[in-house]
Amino acid sequence: MSVTEASAAYEGLADRLHAVQDGIAEACRAAGRDASETTLIVVTKFHPASLVEALAELGVRDVGENRHQEAREKSAQLAALDLNWHYIGQLQTKKARQAAQYAAAIHSIDRAQLVDALASVDRALDVFLQINLTDDPGRGGAAPSEIEPLTEQILGTESLVLRGVMAVAPLEEPAAQAFERLAGYSDRVRALAPAATAISAGMTHDYAEAIAAGATHLRIGSAITGNRPDAR
């Protein structure tokens, strides 16, 4: 599929992608940062593999999925495109090793059992420690009190490469406030793992605030892909 065909198949896709890229560049300038410090991960949940192919033709190399079955199917179908697949959803322990077969990075490490399940993966796997920014234990992510134990557990494995932290800003508080807290949690991780400098944060509605707080990996979906189709 050529760029022209991609634009024709998904009207407005190229324009939306470029608009977000411009928005990221502007947010970086406002924060005194270089846009090259950020990685744009386009979240393609519920969208068909053909849309991912169109994105690849437009230069996208980092794709995010949060459902294991969907991610596995798309990555297999599009293996020839050599994309970086980022698993960003909650991951069942029993599915962990399967996800590691296609994922370049897993952004949702939030409990000791998941670390144990991935510890014997036979290749280096980038991981992010997901932290819950709310007081609700039902939300995804580890509690702040678990940051140091989980960091040390990850560092104790041979296969897992701790890149940094990940979080979703809660809707019930200003995103800037939540991301400032995440930056503090990142400092705690880096006290034990100095190389774990990445911060996976920021979505369609709050990526500018995430950039201001130091985010390096931005997970943006509908602003680029358009409205999601119904779940299959």
# chains A, B, ... in the order shown; residues from 1 in each chain; ligands from 1
$ residues_around --residues "Gly141 (chain A)" --least-positions-apart "6" --cutoff "6 Å" --atoms "only C-alpha atoms" --output "NGL selection string"
:A and (110 or 130-132)
$ write_last_selection --atoms "N, CA, C and O atoms" --output "CSV table (one decimal), in the first residue's frame"
chain,number,residue,atom,x,y,z
A,110,ASP,N,3.2,-4.6,36.9
A,110,ASP,CA,2.6,-4.0,38.1
A,110,ASP,C,2.5,-4.9,39.3
A,110,ASP,O,1.9,-4.6,40.3
A,130,GLN,N,4.4,0.0,35.7
A,130,GLN,CA,3.2,0.8,35.8
A,130,GLN,C,2.8,1.1,37.2
A,130,GLN,O,2.7,0.3,38.0
A,131,ILE,N,2.5,2.4,37.4
A,131,ILE,CA,2.2,2.9,38.8
A,131,ILE,C,0.8,3.4,38.8
A,131,ILE,O,0.4,4.2,37.9
A,132,ASN,N,0.0,3.1,39.8
A,132,ASN,CA,-1.3,3.5,40.0
A,132,ASN,C,-1.3,4.9,40.6
A,132,ASN,O,-0.8,5.1,41.7
$ residues_around --residues "Arg181 (chain A)" --least-positions-apart "2" --cutoff "12 Å" --atoms "only C-alpha atoms" --output "list in words"
Ile131, Asn132, Leu133, Thr134, Pro144, Val165, Met166, Ala167, Val168, Ala169, Pro170, Glu173, Pro174, Ala175, Ala176, Gln177, Ala178, Phe179, Ala183, Gly184, Tyr185, Ser186, Asp187, Arg188, Ile199, Ala201, Ala210, Ala213 and Gly214 of chain A
$ select_by_dssp --residues "region 6-85 of chain A" --states "alpha helix (DSSP H)" --output "ChimeraX atom specification"
/A:6-9,13-30,49-57,68-77
$ write_last_selection --atoms "N, CA and C atoms" --output "tab-separated table (two decimals), in the first residue's frame"
chain	number	residue	atom	x	y	z
A	6	ALA	N	-2.79	4.66	1.18
A	6	ALA	CA	-3.10	4.73	2.60
A	6	ALA	C	-4.01	5.90	2.90
A	7	SER	N	-3.70	7.04	2.30
A	7	SER	CA	-4.52	8.23	2.52
A	7	SER	C	-5.93	8.03	1.97
A	8	ALA	N	-6.00	7.33	0.83
A	8	ALA	CA	-7.31	7.10	0.23
A	8	ALA	C	-8.13	6.12	1.05
A	9	ALA	N	-7.46	5.07	1.57
A	9	ALA	CA	-8.17	4.05	2.35
A	9	ALA	C	-8.63	4.59	3.69
A	13	LEU	N	-6.08	10.30	7.66
A	13	LEU	CA	-5.10	9.68	8.56
A	13	LEU	C	-3.77	10.43	8.56
A	14	ALA	N	-3.25	10.72	7.39
A	14	ALA	CA	-1.97	11.43	7.31
A	14	ALA	C	-2.07	12.80	7.96
A	15	ASP	N	-3.17	13.50	7.72
A	15	ASP	CA	-3.33	14.84	8.30
A	15	ASP	C	-3.39	14.76	9.83
A	16	ARG	N	-4.11	13.78	10.35
A	16	ARG	CA	-4.20	13.66	11.81
A	16	ARG	C	-2.84	13.29	12.42
A	17	LEU	N	-2.12	12.40	11.76
A	17	LEU	CA	-0.80	12.03	12.26
A	17	LEU	C	0.12	13.24	12.29
A	18	HIS	N	0.13	14.00	11.21
A	18	HIS	CA	1.01	15.17	11.15
A	18	HIS	C	0.59	16.22	12.16
A	19	ALA	N	-0.70	16.35	12.40
A	19	ALA	CA	-1.18	17.33	13.39
A	19	ALA	C	-0.69	16.97	14.78
A	20	VAL	N	-0.74	15.69	15.11
A	20	VAL	CA	-0.25	15.26	16.43
A	20	VAL	C	1.26	15.42	16.51
A	21	GLN	N	1.97	15.09	15.46
A	21	GLN	CA	3.42	15.28	15.46
A	21	GLN	C	3.77	16.75	15.65
A	22	ASP	N	3.02	17.63	15.01
A	22	ASP	CA	3.23	19.07	15.20
A	22	ASP	C	2.91	19.48	16.63
A	23	GLY	N	1.84	18.91	17.19
A	23	GLY	CA	1.47	19.22	18.57
A	23	GLY	C	2.53	18.77	19.56
A	24	ILE	N	3.12	17.61	19.31
A	24	ILE	CA	4.20	17.12	20.17
A	24	ILE	C	5.40	18.06	20.08
A	25	ALA	N	5.75	18.47	18.87
A	25	ALA	CA	6.88	19.37	18.69
A	25	ALA	C	6.65	20.70	19.42
A	26	GLU	N	5.42	21.21	19.33
A	26	GLU	CA	5.10	22.48	20.00
A	26	GLU	C	5.16	22.31	21.52
A	27	ALA	N	4.61	21.21	22.03
A	27	ALA	CA	4.66	20.97	23.49
A	27	ALA	C	6.09	20.81	23.97
A	28	CYS	N	6.93	20.20	23.16
A	28	CYS	CA	8.34	20.05	23.53
A	28	CYS	C	9.03	21.41	23.56
A	29	ARG	N	8.74	22.25	22.58
A	29	ARG	CA	9.33	23.60	22.57
A	29	ARG	C	8.90	24.37	23.81
A	30	ALA	N	7.63	24.27	24.17
A	30	ALA	CA	7.13	24.98	25.34
A	30	ALA	C	7.79	24.49	26.63
A	49	ALA	N	-5.75	-4.52	10.91
A	49	ALA	CA	-4.34	-4.54	10.55
A	49	ALA	C	-4.06	-3.63	9.37
A	50	SER	N	-5.04	-3.45	8.50
A	50	SER	CA	-4.82	-2.59	7.33
A	50	SER	C	-4.55	-1.14	7.74
A	51	LEU	N	-5.13	-0.69	8.86
A	51	LEU	CA	-4.84	0.66	9.31
A	51	LEU	C	-3.41	0.75	9.82
A	52	VAL	N	-2.95	-0.28	10.50
A	52	VAL	CA	-1.56	-0.30	10.96
A	52	VAL	C	-0.62	-0.27	9.76
A	53	GLU	N	-0.98	-1.01	8.72
A	53	GLU	CA	-0.17	-1.01	7.50
A	53	GLU	C	-0.12	0.39	6.89
A	54	ALA	N	-1.26	1.08	6.90
A	54	ALA	CA	-1.30	2.44	6.38
A	54	ALA	C	-0.42	3.37	7.22
A	55	LEU	N	-0.46	3.20	8.53
A	55	LEU	CA	0.39	4.00	9.41
A	55	LEU	C	1.86	3.74	9.13
A	56	ALA	N	2.20	2.49	8.89
A	56	ALA	CA	3.59	2.15	8.58
A	56	ALA	C	4.05	2.84	7.30
A	57	GLU	N	3.16	2.91	6.32
A	57	GLU	CA	3.49	3.59	5.08
A	57	GLU	C	3.72	5.09	5.30
A	68	HIS	N	-4.28	-8.74	24.36
A	68	HIS	CA	-3.28	-9.71	23.94
A	68	HIS	C	-3.66	-10.41	22.64
A	69	GLN	N	-4.87	-10.91	22.55
A	69	GLN	CA	-5.27	-11.67	21.37
A	69	GLN	C	-5.16	-10.82	20.11
A	70	GLU	N	-5.65	-9.58	20.20
A	70	GLU	CA	-5.61	-8.68	19.06
A	70	GLU	C	-4.17	-8.34	18.68
A	71	ALA	N	-3.35	-8.09	19.69
A	71	ALA	CA	-1.95	-7.75	19.43
A	71	ALA	C	-1.22	-8.91	18.77
A	72	ARG	N	-1.45	-10.10	19.25
A	72	ARG	CA	-0.77	-11.27	18.69
A	72	ARG	C	-1.16	-11.48	17.23
A	73	GLU	N	-2.45	-11.34	16.93
A	73	GLU	CA	-2.92	-11.55	15.56
A	73	GLU	C	-2.35	-10.49	14.62
A	74	LYS	N	-2.40	-9.22	15.02
A	74	LYS	CA	-1.91	-8.16	14.15
A	74	LYS	C	-0.41	-8.26	13.94
A	75	SER	N	0.33	-8.53	15.00
A	75	SER	CA	1.78	-8.59	14.86
A	75	SER	C	2.20	-9.73	13.95
A	76	ALA	N	1.47	-10.85	14.02
A	76	ALA	CA	1.79	-11.97	13.13
A	76	ALA	C	1.46	-11.62	11.69
A	77	GLN	N	0.32	-10.99	11.49
A	77	GLN	CA	-0.12	-10.64	10.13
A	77	GLN	C	0.81	-9.62	9.48
$ residues_around --residues "Val189 (chain A)" --least-positions-apart "6" --cutoff "7 Å" --atoms "only C-alpha atoms" --output "VMD selection string"
chain A and resid 147 to 148 151
$ write_last_selection --atoms "C-alpha atoms" --output "compact mmCIF listing (two decimals), in the first residue's frame"
# COMPACT_ATOMS: atom_id res chain seq x y z
CA ILE A 147 7.97 0.80 43.58
CA GLU A 148 11.26 -0.15 45.23
CA THR A 151 12.25 -2.30 40.76
$ atom_distance --atom1 "CA of Phe46 (chain A)" --atom2 "CA of Gly89 (chain A)"
13.1 Å
$ residues_around --residues "Ala104 (chain A)" --least-positions-apart "5" --cutoff "7 Å" --atoms "only C-alpha atoms" --output "number ranges by chain"
A: 84-86, 125-126
$ closest_residue --among "A:Val60, A:Leu155, A:Val127, A:Leu150" --to "Ala99 (chain A)" --atoms "only C-alpha atoms"
A:Val127
$ atom_distance --atom1 "CA of Lys94 (chain A)" --atom2 "CA of Asn66 (chain A)"
15.5 Å
